[in-house]
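Okay, entry24.cif now, which holds mmCIF, C-alpha atoms:
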```cif
data_model
#
loop_
_atom_site.label_atom_id
_atom_site.label_comp_id
_atom_site.auth_asym_id
_atom_site.auth_seq_id
_atom_site.Cartn_x
_atom_site.Cartn_y
_atom_site.Cartn_z
CA MET Z 1 -33.37 -25.21 -47.23
CA SER Z 2 -35.72 -28.20 -46.94
CA ILE Z 3 -34.57 -31.46 -45.42
CA ALA Z 4 -34.27 -34.40 -47.80
CA SER Z 5 -36.46 -37.41 -47.19
CA PRO Z 6 -34.60 -40.16 -45.29
CA ALA Z 7 -33.34 -43.22 -47.06
CA SER Z 8 -35.80 -46.10 -47.06
CA PRO Z 9 -34.86 -49.40 -45.40
CA ARG Z 10 -34.46 -50.92 -48.85
CA GLU Z 11 -32.15 -48.11 -49.96
CA ASP Z 12 -30.02 -48.61 -46.86
CA ALA Z 13 -29.94 -52.36 -47.47
CA LEU Z 14 -28.73 -51.89 -51.04
CA THR Z 15 -26.01 -49.52 -49.84
CA THR Z 16 -24.84 -52.18 -47.40
CA PHE Z 17 -24.92 -54.80 -50.17
CA PHE Z 18 -22.71 -52.68 -52.41
CA GLY Z 19 -20.44 -51.99 -49.44
CA ALA Z 20 -20.04 -55.73 -48.85
CA TRP Z 21 -18.91 -55.99 -52.47
CA LEU Z 22 -16.22 -53.40 -51.78
CA VAL Z 23 -15.05 -55.08 -48.56
CA GLY Z 24 -15.02 -58.47 -50.28
CA GLY Z 25 -12.67 -56.98 -52.83
CA ALA Z 26 -10.46 -55.67 -50.03
CA LEU Z 27 -10.30 -59.16 -48.52
CA ALA Z 28 -9.40 -60.68 -51.89
CA ASP Z 29 -6.73 -58.04 -52.46
CA GLY Z 30 -5.31 -58.53 -48.96
CA TRP Z 31 -5.17 -62.29 -49.50
CA ALA Z 32 -3.32 -61.76 -52.78
CA HIS Z 33 -0.76 -59.43 -51.15
CA ASN Z 34 -0.15 -62.01 -48.39
CA ASN Z 35 -0.01 -65.15 -50.50
CA ILE Z 36 1.17 -64.15 -53.99
CA ARG Z 37 4.63 -62.66 -53.63
CA THR Z 38 5.13 -62.11 -57.36
CA LEU Z 39 2.54 -59.34 -57.75
CA GLU Z 40 4.05 -56.66 -59.93
CA THR Z 41 1.04 -54.73 -61.19
CA ILE Z 42 -1.94 -52.88 -59.78
CA PHE Z 43 -4.16 -54.27 -62.53
CA THR Z 44 -5.29 -57.50 -60.86
CA PRO Z 45 -8.64 -59.33 -60.57
CA TRP Z 46 -8.68 -58.52 -56.85
CA HIS Z 47 -8.31 -54.80 -57.45
CA ALA Z 48 -11.07 -55.10 -60.04
CA ILE Z 49 -13.45 -56.47 -57.39
CA LEU Z 50 -12.40 -53.78 -54.91
CA TYR Z 51 -12.74 -50.80 -57.24
CA SER Z 52 -15.90 -52.03 -58.96
CA GLY Z 53 -17.42 -52.35 -55.49
CA PHE Z 54 -16.41 -48.78 -54.78
CA ILE Z 55 -17.88 -47.55 -58.07
CA ALA Z 56 -21.16 -49.33 -57.35
CA THR Z 57 -21.36 -47.95 -53.80
CA GLY Z 58 -20.35 -44.43 -54.81
CA LEU Z 59 -22.74 -44.20 -57.77
CA TRP Z 60 -25.60 -45.58 -55.69
CA THR Z 61 -24.91 -42.98 -53.00
CA VAL Z 62 -25.07 -40.18 -55.56
CA PHE Z 63 -28.22 -41.67 -57.10
CA LEU Z 64 -30.00 -41.52 -53.74
CA ALA Z 65 -29.64 -37.74 -53.81
CA TYR Z 66 -30.40 -37.46 -57.53
CA ARG Z 67 -33.68 -39.36 -57.22
CA ARG Z 68 -34.83 -36.70 -54.70
CA ARG Z 69 -34.08 -33.84 -57.11
CA ALA Z 70 -37.76 -32.97 -57.66
CA ALA Z 71 -38.01 -31.60 -54.12
CA HIS Z 72 -34.63 -29.84 -54.15
CA ARG Z 73 -33.58 -27.40 -56.86
CA LEU Z 74 -29.91 -27.76 -55.85
CA TRP Z 75 -30.15 -31.53 -55.41
CA TRP Z 76 -26.40 -32.03 -55.40
CA ARG Z 77 -26.24 -29.84 -52.27
CA ASP Z 78 -29.54 -30.39 -50.46
CA ALA Z 79 -31.01 -33.76 -51.42
CA TRP Z 80 -28.77 -36.10 -49.44
CA PRO Z 81 -30.67 -38.44 -47.12
CA ALA Z 82 -29.66 -38.30 -43.47
CA GLY Z 83 -26.29 -39.99 -43.05
CA TYR Z 84 -25.31 -39.97 -46.70
CA ARG Z 85 -23.65 -36.57 -47.07
CA THR Z 86 -20.68 -37.89 -45.07
CA GLY Z 87 -20.73 -40.95 -47.32
CA LEU Z 88 -20.26 -38.65 -50.31
CA VAL Z 89 -17.21 -37.13 -48.62
CA GLY Z 90 -15.86 -40.65 -48.17
CA ALA Z 91 -16.46 -41.45 -51.82
CA VAL Z 92 -14.52 -38.35 -52.90
CA ILE Z 93 -11.61 -39.24 -50.59
CA PHE Z 94 -11.59 -42.82 -51.86
CA PHE Z 95 -11.67 -41.66 -55.50
CA PHE Z 96 -8.65 -39.38 -55.16
CA ALA Z 97 -6.73 -41.83 -52.97
CA GLY Z 98 -7.34 -44.60 -55.50
CA ASN Z 99 -5.96 -42.53 -58.35
CA LEU Z 100 -2.98 -41.46 -56.26
CA ASP Z 101 -2.42 -45.12 -55.38
CA LEU Z 102 -1.90 -45.90 -59.06
CA VAL Z 103 0.79 -43.22 -59.22
CA TRP Z 104 2.32 -44.41 -55.93
CA HIS Z 105 2.66 -47.99 -57.17
CA SER Z 106 4.09 -46.80 -60.45
CA VAL Z 107 6.85 -44.97 -58.58
CA PHE Z 108 7.52 -47.19 -55.56
CA GLY Z 109 6.31 -50.62 -56.67
CA ILE Z 110 3.86 -53.08 -55.10
CA GLU Z 111 3.97 -53.53 -51.32
CA THR Z 112 3.40 -56.99 -49.83
CA ASP Z 113 3.72 -56.76 -46.04
CA LEU Z 114 3.44 -54.13 -43.29
CA ASP Z 115 4.50 -51.42 -45.71
CA ALA Z 116 1.27 -52.01 -47.67
CA LEU Z 117 -0.78 -51.06 -44.61
CA PHE Z 118 1.04 -47.79 -44.05
CA SER Z 119 1.21 -46.56 -47.61
CA PRO Z 120 -0.30 -43.04 -47.45
CA THR Z 121 -2.61 -43.77 -50.36
CA HIS Z 122 -3.86 -46.96 -48.70
CA VAL Z 123 -4.59 -45.03 -45.50
CA GLY Z 124 -6.57 -42.56 -47.60
CA LEU Z 125 -8.52 -45.44 -49.11
CA ALA Z 126 -9.30 -46.74 -45.61
CA ILE Z 127 -10.58 -43.36 -44.41
CA GLY Z 128 -12.73 -42.87 -47.49
CA ALA Z 129 -14.10 -46.42 -47.32
CA GLY Z 130 -14.96 -46.07 -43.64
CA LEU Z 131 -17.01 -42.92 -44.24
CA LEU Z 132 -18.72 -44.35 -47.32
CA LEU Z 133 -19.54 -47.78 -45.87
CA THR Z 134 -21.17 -46.43 -42.72
CA SER Z 135 -23.85 -44.32 -44.43
CA PRO Z 136 -26.62 -46.85 -43.61
CA LEU Z 137 -25.46 -46.88 -39.99
CA ARG Z 138 -25.91 -43.11 -39.68
CA SER Z 139 -29.22 -43.38 -41.55
CA TRP Z 140 -30.41 -46.04 -39.06
CA TRP Z 141 -29.48 -43.85 -36.10
CA ALA Z 142 -31.16 -40.79 -37.60
CA ALA Z 143 -34.37 -42.67 -38.42
CA GLY Z 144 -34.70 -43.99 -34.87
CA SER Z 145 -36.67 -46.99 -36.13
CA THR Z 146 -36.08 -50.66 -35.43
CA GLY Z 147 -37.61 -52.31 -38.49
CA THR Z 148 -35.92 -55.57 -39.39
CA LEU Z 149 -34.53 -54.50 -42.77
CA ARG Z 150 -33.23 -51.11 -41.61
CA THR Z 151 -31.71 -52.65 -38.51
CA ALA Z 152 -29.99 -55.35 -40.57
CA ALA Z 153 -28.62 -52.71 -42.96
CA GLY Z 154 -27.40 -50.59 -40.04
CA VAL Z 155 -25.67 -53.49 -38.32
CA GLY Z 156 -24.20 -54.59 -41.65
CA ALA Z 157 -22.79 -51.11 -42.22
CA LEU Z 158 -21.40 -51.10 -38.68
CA VAL Z 159 -19.61 -54.38 -39.38
CA LEU Z 160 -18.27 -53.22 -42.75
CA GLY Z 161 -16.94 -49.98 -41.27
CA THR Z 162 -15.27 -51.89 -38.44
CA THR Z 163 -13.76 -54.37 -40.89
CA SER Z 164 -12.32 -51.58 -43.03
CA THR Z 165 -10.50 -50.39 -39.90
CA ALA Z 166 -9.49 -53.93 -38.92
CA VAL Z 167 -7.61 -54.26 -42.22
CA PHE Z 168 -5.15 -51.63 -41.07
CA LEU Z 169 -4.76 -53.15 -37.61
CA ILE Z 170 -4.26 -56.69 -38.90
CA TYR Z 171 -0.70 -56.84 -37.52
CA ALA Z 172 -2.27 -56.48 -34.05
CA SER Z 173 -5.19 -58.90 -34.54
CA ALA Z 174 -5.81 -61.43 -31.76
CA PHE Z 175 -7.49 -63.67 -34.35
CA GLN Z 176 -4.17 -64.22 -36.11
CA THR Z 177 -2.00 -64.97 -33.09
CA VAL Z 178 -1.09 -68.45 -31.79
CA GLN Z 179 1.42 -67.08 -29.30
CA PRO Z 180 -0.44 -68.44 -26.24
CA THR Z 181 0.40 -71.94 -27.52
CA VAL Z 182 4.13 -71.16 -27.47
CA PRO Z 183 6.11 -71.72 -24.23
CA TYR Z 184 6.69 -68.36 -22.54
CA ALA Z 185 10.28 -67.16 -22.16
CA GLY Z 186 10.04 -64.57 -19.45
CA ALA Z 187 13.41 -62.84 -19.63
CA GLN Z 188 12.78 -59.22 -20.51
CA GLY Z 189 14.03 -58.25 -23.95
CA THR Z 190 14.24 -61.82 -25.28
CA PRO Z 191 12.38 -62.76 -28.48
CA GLY Z 192 9.90 -64.85 -26.46
CA TYR Z 193 9.16 -61.94 -24.14
CA LEU Z 194 8.62 -59.58 -27.06
CA ALA Z 195 6.40 -62.06 -28.91
CA ALA Z 196 4.20 -62.58 -25.83
CA SER Z 197 3.99 -58.82 -25.34
CA MET Z 198 2.80 -58.38 -28.92
CA ALA Z 199 0.16 -61.07 -28.43
CA LEU Z 200 -1.11 -59.45 -25.22
CA THR Z 201 -1.27 -56.13 -27.03
CA ALA Z 202 -3.20 -57.77 -29.87
CA TYR Z 203 -5.93 -58.92 -27.50
CA LEU Z 204 -6.29 -55.41 -26.07
CA VAL Z 205 -6.27 -53.71 -29.50
CA THR Z 206 -8.84 -56.14 -30.90
CA THR Z 207 -10.99 -55.63 -27.81
CA ALA Z 208 -11.04 -51.89 -28.41
CA LEU Z 209 -11.73 -52.39 -32.12
CA LEU Z 210 -14.84 -54.50 -31.42
CA VAL Z 211 -16.21 -53.03 -28.19
CA LEU Z 212 -16.26 -49.43 -29.41
CA PRO Z 213 -18.75 -49.95 -32.28
CA LEU Z 214 -20.85 -52.33 -30.18
CA THR Z 215 -21.24 -49.88 -27.31
CA LEU Z 216 -22.03 -47.03 -29.71
CA VAL Z 217 -25.02 -49.07 -30.90
CA LEU Z 218 -26.04 -49.96 -27.34
CA ARG Z 219 -25.87 -46.25 -26.43
CA ARG Z 220 -28.74 -45.59 -28.86
CA ARG Z 221 -31.01 -48.61 -28.37
CA ALA Z 222 -31.48 -51.98 -26.69
CA ALA Z 223 -29.14 -54.82 -27.56
CA VAL Z 224 -29.64 -55.76 -31.21
CA PRO Z 225 -29.74 -59.54 -31.71
CA GLY Z 226 -26.71 -60.63 -33.69
CA ALA Z 227 -24.72 -57.39 -33.51
CA ALA Z 228 -21.85 -58.81 -31.43
CA THR Z 229 -21.89 -62.05 -33.43
CA ALA Z 230 -21.70 -60.23 -36.76
CA LEU Z 231 -18.84 -58.02 -35.59
CA VAL Z 232 -16.74 -60.94 -34.35
CA ALA Z 233 -17.60 -63.24 -37.25
CA VAL Z 234 -16.71 -60.84 -40.06
CA VAL Z 235 -13.60 -59.34 -38.46
CA ALA Z 236 -12.33 -62.82 -37.49
CA ALA Z 237 -13.09 -64.24 -40.94
CA PHE Z 238 -11.15 -61.39 -42.53
CA ALA Z 239 -8.16 -62.02 -40.27
CA VAL Z 240 -7.94 -65.79 -40.76
CA GLY Z 241 -8.91 -65.51 -44.43
CA LEU Z 242 -5.84 -63.39 -45.12
CA LEU Z 243 -3.73 -66.28 -43.76
CA ASP Z 244 -5.53 -68.82 -45.96
CA LEU Z 245 -7.53 -70.32 -43.04
CA PRO Z 246 -4.87 -72.01 -40.89
CA ARG Z 247 -6.45 -74.69 -38.69
CA THR Z 248 -5.53 -73.42 -35.22
CA GLN Z 249 -6.53 -69.79 -35.81
CA THR Z 250 -9.69 -70.82 -37.67
CA VAL Z 251 -10.94 -73.09 -34.88
CA ALA Z 252 -10.19 -70.39 -32.29
CA ALA Z 253 -12.03 -67.82 -34.42
CA VAL Z 254 -15.09 -70.09 -34.66
CA ALA Z 255 -15.01 -70.47 -30.87
CA ALA Z 256 -14.87 -66.68 -30.48
CA VAL Z 257 -17.95 -66.40 -32.70
CA GLY Z 258 -19.66 -68.89 -30.40
CA GLY Z 259 -18.72 -66.67 -27.48
CA ALA Z 260 -20.18 -63.66 -29.30
CA ILE Z 261 -23.47 -65.53 -29.75
CA ALA Z 262 -23.54 -66.05 -25.98
CA VAL Z 263 -22.81 -62.33 -25.51
CA ASP Z 264 -25.75 -61.35 -27.73
CA LEU Z 265 -28.08 -63.58 -25.72
CA LEU Z 266 -26.77 -62.30 -22.40
CA LEU Z 267 -26.90 -58.61 -23.34
CA GLY Z 268 -30.45 -59.02 -24.62
CA TYR Z 269 -31.44 -60.66 -21.34
CA LEU Z 270 -29.78 -57.91 -19.29
CA ASP Z 271 -31.58 -55.18 -21.23
CA ARG Z 272 -34.94 -56.89 -20.78
CA THR Z 273 -34.47 -57.40 -17.05
CA ARG Z 274 -32.44 -54.33 -16.01
CA GLY Z 275 -33.74 -51.79 -18.53
CA LEU Z 276 -31.93 -49.30 -20.75
CA ASP Z 277 -31.28 -46.89 -17.88
CA ALA Z 278 -29.61 -49.52 -15.68
CA PRO Z 279 -26.49 -48.31 -13.82
CA LEU Z 280 -23.22 -49.12 -15.60
CA ARG Z 281 -25.09 -50.70 -18.50
CA LEU Z 282 -22.43 -50.04 -21.14
CA PRO Z 283 -19.37 -50.78 -18.96
CA VAL Z 284 -20.97 -54.12 -18.05
CA ALA Z 285 -21.65 -54.83 -21.72
CA GLY Z 286 -18.05 -54.05 -22.72
CA ALA Z 287 -16.61 -56.19 -19.93
CA VAL Z 288 -18.94 -59.12 -20.63
CA PHE Z 289 -18.13 -59.01 -24.34
CA ALA Z 290 -14.36 -59.14 -23.85
CA ALA Z 291 -14.42 -61.73 -21.05
CA VAL Z 292 -16.69 -64.19 -22.86
CA VAL Z 293 -15.24 -63.86 -26.37
CA TRP Z 294 -11.59 -64.15 -25.33
CA SER Z 295 -12.27 -66.94 -22.86
CA ALA Z 296 -13.81 -68.93 -25.70
CA HIS Z 297 -10.90 -68.05 -28.00
CA LEU Z 298 -8.22 -69.12 -25.50
CA LEU Z 299 -10.11 -72.29 -24.59
CA ALA Z 300 -10.17 -73.29 -28.26
CA LEU Z 301 -6.45 -72.60 -28.60
CA ASP Z 302 -5.86 -74.84 -25.60
CA LEU Z 303 -7.99 -77.68 -27.00
CA VAL Z 304 -6.38 -77.52 -30.45
CA ALA Z 305 -2.72 -76.82 -29.67
CA GLY Z 306 -2.40 -76.39 -25.90
CA VAL Z 307 -2.00 -73.03 -24.16
CA ARG Z 308 1.53 -72.88 -22.76
CA TRP Z 309 1.40 -69.46 -21.18
CA PRO Z 310 1.53 -69.39 -17.37
CA VAL Z 311 -1.84 -68.89 -15.69
CA GLU Z 312 -0.97 -65.27 -14.90
CA LEU Z 313 -0.70 -64.42 -18.59
CA TRP Z 314 -3.78 -66.11 -20.03
CA SER Z 315 -6.07 -65.22 -17.13
CA GLY Z 316 -4.66 -61.70 -17.03
CA THR Z 317 -5.37 -61.36 -20.75
CA VAL Z 318 -9.06 -62.02 -20.11
CA VAL Z 319 -9.25 -59.72 -17.09
CA MET Z 320 -7.31 -56.89 -18.72
CA SER Z 321 -9.42 -57.14 -21.89
CA ALA Z 322 -12.58 -57.00 -19.78
CA ALA Z 323 -11.22 -53.90 -18.04
CA VAL Z 324 -10.56 -52.24 -21.41
CA GLY Z 325 -14.07 -53.18 -22.53
CA ALA Z 326 -15.55 -51.68 -19.37
CA LEU Z 327 -13.52 -48.48 -19.81
CA ILE Z 328 -14.68 -48.05 -23.40
CA GLY Z 329 -18.26 -48.73 -22.33
CA GLY Z 330 -17.95 -46.03 -19.69
CA LEU Z 331 -16.64 -43.54 -22.24
CA ALA Z 332 -19.46 -44.40 -24.66
CA ALA Z 333 -22.21 -44.02 -22.03
CA ARG Z 334 -24.40 -40.95 -21.99
CA PRO Z 335 -23.36 -38.47 -19.27
CA VAL Z 336 -25.63 -38.08 -16.26
CA PRO Z 337 -26.38 -34.40 -15.56
CA ALA Z 338 -25.21 -33.06 -12.21
CA ALA Z 339 -27.71 -32.71 -9.36
CA LEU Z 340 -29.71 -29.50 -9.36
CA PRO Z 341 -28.96 -27.31 -6.31
CA GLY Z 342 -31.95 -26.89 -3.99
CA PRO Z 343 -33.26 -23.45 -2.96
CA VAL Z 344 -31.94 -21.96 0.24
CA GLY Z 345 -34.08 -22.11 3.36
CA GLY Z 346 -36.19 -25.00 4.49
CA VAL Z 347 -36.96 -26.51 1.08
CA PRO Z 348 -36.03 -30.16 0.44
CA GLY Z 349 -32.47 -30.74 -0.75
CA PRO Z 350 -31.12 -31.20 -4.27
CA VAL Z 351 -32.89 -33.33 -6.82
CA GLU Z 352 -30.75 -35.46 -9.10
CA VAL Z 353 -31.74 -35.39 -12.75
CA ARG Z 354 -30.84 -38.46 -14.75
CA GLU Z 355 -31.06 -38.83 -18.49
CA VAL Z 356 -33.14 -41.89 -19.31
CA PRO Z 357 -32.72 -43.33 -22.80
CA GLY Z 358 -35.90 -43.28 -24.83
CA ARG Z 359 -37.83 -46.37 -25.68
CA VAL Z 360 -36.56 -48.48 -28.54
CA GLY Z 361 -38.01 -47.19 -31.76
CA ALA Z 362 -38.69 -43.69 -30.47
CA PRO Z 363 -38.03 -41.20 -33.27
CA SER Z 364 -35.02 -38.96 -33.03
CA ALA Z 365 -34.32 -35.72 -34.80
CA PRO Z 366 -33.14 -36.25 -38.37
CA ALA Z 367 -29.48 -35.54 -38.82
CA GLN Z 368 -27.69 -34.70 -41.98
CA GLY Z 369 -24.47 -36.68 -41.98
#
```
Could you rewrite the structure in this file as structure tokens?
Amino acid sequence: MSIASPASPREDALTTFFGAWLVGGALADGWAHNNIRTLETIFTPWHAILYSGFIATGLWTVFLAYRRRAAHRLWWRDAWPAGYRTGLVGAVIFFFAGNLDLVWHSVFGIETDLDALFSPTHVGLAIGAGLLLTSPLRSWWAAGSTGTLRTAAGVGALVLGTTSTAVFLIYASAFQTVQPTVPYAGAQGTPGYLAASMALTAYLVTTALLVLPLTLVLRRRAAVPGAATALVAVVAAFAVGLLDLPRTQTVAAVAAVGGAIAVDLLLGYLDRTRGLDAPLRLPVAGAVFAAVVWSAHLLALDLVAGVRWPVELWSGTVVMSAAVGALIGGLAARPVPAALPGPVGGVPGPVEVREVPGRVGAPSAPAQG
């Protein structure tokens, strides 16, 4: 069985464009569920954007294999570019979940709050969308190239896949909370205690949501300019957009994006000066990301509405988030092989073998995904 030719940078870019159409429809539909409480039908303009985006992305994914049919007799089995076979699986899951969603709504009605996130058919849509949207990301990793267009498509797919997950964690989004501006009531079990606990959890959950995809990119290549900024900007815009852009959360989100810009600059500098094989490279990146982004976010909340948490809470939020970022970075890092045992008898001791990441742009083995 011959290997299909990889997707071109332009093909990846078009896949990401169609994926943005799908995610834009998801944002519009989420906004409608949050702000229009009289929805009583699945046939809405927002669903039309969402599902037309899916149709465009799914058909384009199939076309990429079909256009390679001359080199593959069984094109529907063998002609998928690297990274796109998994996208096809996502398209199939999304298709069946979407049809089941119509039946679900017909039986149980239209959800408007937390129940909408946990509807089994909506979870199926999220899984399918995540696999479909990230095809250009897998294609970028398989190609091993750093051309501008392919890199932009890969980062875009990374952001879209992360956003599709963020939709289903929106109840734990730090970009939606204003709890640090509320006076803290410290008695355990009181509403104030529980609200502060939820806000602290939101910062940690959102840290994990953003640091994981960022460190997976850093594992494979040097810091990509704009990757952290794009992740924070799109996920934050989705979160505050669902609330119809309230002033306090929007200003804090903009500040967090500013922090992410600083993170991109700092990570690029560290990679240039320390190298890709620097000790603790990914744990440092995860910690820096969380510390800078959430410091900027909390500072903006303080300037706009005043942070009323005690110093232990707001400073601990930054430190704990940085610790979570460092932990995720450590888990994402490539393992270092154990030292080789030296021969017995008078020969120099063990030699440690370290895996050194290849240079940026070095080709990697194609992978069918």
Subject >> Separation of CA of Val167 in chain Z from CA of Leu266 in chain Z in Å >> reply: 28.7 Å
Subject >> Spatial neighbours of Met198 in chain Z, 10 Å, all atoms listed in the file, chain gap at least 6 places, as a list in words >> reply: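 The neighbour list is Tyr171, Ala172, Ser173, Ala174, Thr177, Gln179, Gly192 and Leu204 of chain Z.
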Subject >> Polymer residues at most 7 Å from Ala323 in chain Z, all atoms listed in the file, same-chain spacing of 4 or more positions, as a PyMOL selection string >> reply: chain Z and resi 287+319+327
Original post:
How far is it from CA of Ile55 in chain Z to CA of Phe95 in chain Z, in Å with one decimal?
Top reply: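 For CA of Ile55 in chain Z relative to CA of Phe95 in chain Z, the distance reads 8.9 Å.
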Original post:
Looking at Z:Ala285, Z:Val311, Z:Ala82, Z:Leu298, which one is nearest to Asp264 in chain Z, with distances taken over all atoms listed in the file?
Top reply: Z:Ala285
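For the set Z:Ala300, Z:Val211, Z:Ala256, Z:Gly186, the residue with the smallest atom-to-atom gap to Ile328 in chain Z is Z:Val211, counting only C-alpha atoms.
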Original post:
Within 8 Å of Gly124 in chain Z, counting all atoms listed in the file, which residues qualify if same-chain residues fewer than 5 places away don't, as number ranges by chain?
Top reply: Z: 93-94, 97
Could you list, as a PDB file with C-alpha atoms, in the coordinates of the input, every residue within 12 Å of Leu267 in chain Z, counting only C-alpha atoms and ignoring same-chain residues fewer than 6 positions away?
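Output contents, as saved in around36.pdb:
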```pdb
ATOM      1  CA  LEU Z 214     -20.850 -52.330 -30.180  1.00  0.00           C
ATOM      2  CA  THR Z 215     -21.240 -49.880 -27.310  1.00  0.00           C
ATOM      3  CA  LEU Z 218     -26.040 -49.960 -27.340  1.00  0.00           C
ATOM      4  CA  ARG Z 221     -31.010 -48.610 -28.370  1.00  0.00           C
ATOM      5  CA  ALA Z 222     -31.480 -51.980 -26.690  1.00  0.00           C
ATOM      6  CA  ALA Z 223     -29.140 -54.820 -27.560  1.00  0.00           C
ATOM      7  CA  VAL Z 224     -29.640 -55.760 -31.210  1.00  0.00           C
ATOM      8  CA  PRO Z 225     -29.740 -59.540 -31.710  1.00  0.00           C
ATOM      9  CA  GLY Z 226     -26.710 -60.630 -33.690  1.00  0.00           C
ATOM     10  CA  ALA Z 227     -24.720 -57.390 -33.510  1.00  0.00           C
ATOM     11  CA  ALA Z 228     -21.850 -58.810 -31.430  1.00  0.00           C
ATOM     12  CA  THR Z 229     -21.890 -62.050 -33.430  1.00  0.00           C
ATOM     13  CA  ALA Z 260     -20.180 -63.660 -29.300  1.00  0.00           C
ATOM     14  CA  ILE Z 261     -23.470 -65.530 -29.750  1.00  0.00           C
ATOM     15  CA  THR Z 273     -34.470 -57.400 -17.050  1.00  0.00           C
ATOM     16  CA  ARG Z 274     -32.440 -54.330 -16.010  1.00  0.00           C
ATOM     17  CA  GLY Z 275     -33.740 -51.790 -18.530  1.00  0.00           C
ATOM     18  CA  LEU Z 276     -31.930 -49.300 -20.750  1.00  0.00           C
ATOM     19  CA  ARG Z 281     -25.090 -50.700 -18.500  1.00  0.00           C
ATOM     20  CA  LEU Z 282     -22.430 -50.040 -21.140  1.00  0.00           C
ATOM     21  CA  PRO Z 283     -19.370 -50.780 -18.960  1.00  0.00           C
ATOM     22  CA  VAL Z 284     -20.970 -54.120 -18.050  1.00  0.00           C
ATOM     23  CA  ALA Z 285     -21.650 -54.830 -21.720  1.00  0.00           C
ATOM     24  CA  GLY Z 286     -18.050 -54.050 -22.720  1.00  0.00           C
ATOM     25  CA  ALA Z 287     -16.610 -56.190 -19.930  1.00  0.00           C
ATOM     26  CA  VAL Z 288     -18.940 -59.120 -20.630  1.00  0.00           C
ATOM     27  CA  PHE Z 289     -18.130 -59.010 -24.340  1.00  0.00           C
ATOM     28  CA  VAL Z 292     -16.690 -64.190 -22.860  1.00  0.00           C
TER      29      VAL Z 292
END
```
Expected residue set, 8 Å radius at (-17.9, -52.3, -43.2), all atoms listed in the file, as an mmCIF file with C-alpha atoms, keeping the file's coordinate frame:
```cif
data_model
loop_
_atom_site.group_PDB
_atom_site.id
_atom_site.type_symbol
_atom_site.label_atom_id
_atom_site.label_comp_id
_atom_site.auth_asym_id
_atom_site.auth_seq_id
_atom_site.Cartn_x
_atom_site.Cartn_y
_atom_site.Cartn_z
ATOM 1 C CA GLY Z 19 -20.440 -51.990 -49.440
ATOM 2 C CA ALA Z 20 -20.040 -55.730 -48.850
ATOM 3 C CA VAL Z 23 -15.050 -55.080 -48.560
ATOM 4 C CA GLY Z 130 -14.960 -46.070 -43.640
ATOM 5 C CA LEU Z 133 -19.540 -47.780 -45.870
ATOM 6 C CA THR Z 134 -21.170 -46.430 -42.720
ATOM 7 C CA GLY Z 156 -24.200 -54.590 -41.650
ATOM 8 C CA ALA Z 157 -22.790 -51.110 -42.220
ATOM 9 C CA LEU Z 158 -21.400 -51.100 -38.680
ATOM 10 C CA VAL Z 159 -19.610 -54.380 -39.380
ATOM 11 C CA LEU Z 160 -18.270 -53.220 -42.750
ATOM 12 C CA GLY Z 161 -16.940 -49.980 -41.270
ATOM 13 C CA THR Z 162 -15.270 -51.890 -38.440
ATOM 14 C CA THR Z 163 -13.760 -54.370 -40.890
ATOM 15 C CA SER Z 164 -12.320 -51.580 -43.030
#
```
**OP:** List the residues matched by the PyMOL selection byres ((chain Z and resi 121) around 7) in the displayed structure as a ChimeraX atom specification, ordered by chain and then by residue number.
**Re:** /Z:97,100-101,119-120,122-125
**OP:** Let me know the residues the PyMOL selection byres ((chain Z and resi 153) around 8) catches in the file above, as a ChimeraX atom specification.
**Re:** /Z:9,12-13,16,136-137,140,149-152,154-157
Would you mind writing range 327-335 of chain Z with N, CA and C atoms, as a CSV table (one decimal), keeping the file's coordinate frame?
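The resulting part18.csv:
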```
chain,number,residue,atom,x,y,z
Z,327,LEU,N,-13.9,-49.9,-19.7
Z,327,LEU,CA,-13.5,-48.5,-19.8
Z,327,LEU,C,-14.1,-47.8,-21.1
Z,328,ILE,N,-14.1,-48.6,-22.2
Z,328,ILE,CA,-14.7,-48.0,-23.4
Z,328,ILE,C,-16.2,-47.9,-23.2
Z,329,GLY,N,-16.8,-48.9,-22.6
Z,329,GLY,CA,-18.3,-48.7,-22.3
Z,329,GLY,C,-18.6,-47.5,-21.5
Z,330,GLY,N,-17.7,-47.2,-20.5
Z,330,GLY,CA,-18.0,-46.0,-19.7
Z,330,GLY,C,-17.8,-44.8,-20.5
Z,331,LEU,N,-16.8,-44.7,-21.4
Z,331,LEU,CA,-16.6,-43.5,-22.2
Z,331,LEU,C,-17.8,-43.4,-23.2
Z,332,ALA,N,-18.4,-44.5,-23.7
Z,332,ALA,CA,-19.5,-44.4,-24.7
Z,332,ALA,C,-20.8,-44.1,-24.0
Z,333,ALA,N,-20.9,-44.2,-22.7
Z,333,ALA,CA,-22.2,-44.0,-22.0
Z,333,ALA,C,-22.6,-42.6,-22.1
Z,334,ARG,N,-23.9,-42.3,-22.1
Z,334,ARG,CA,-24.4,-41.0,-22.0
Z,334,ARG,C,-24.1,-40.4,-20.6
Z,335,PRO,N,-23.6,-39.1,-20.6
Z,335,PRO,CA,-23.4,-38.5,-19.3
Z,335,PRO,C,-24.6,-38.3,-18.5
```
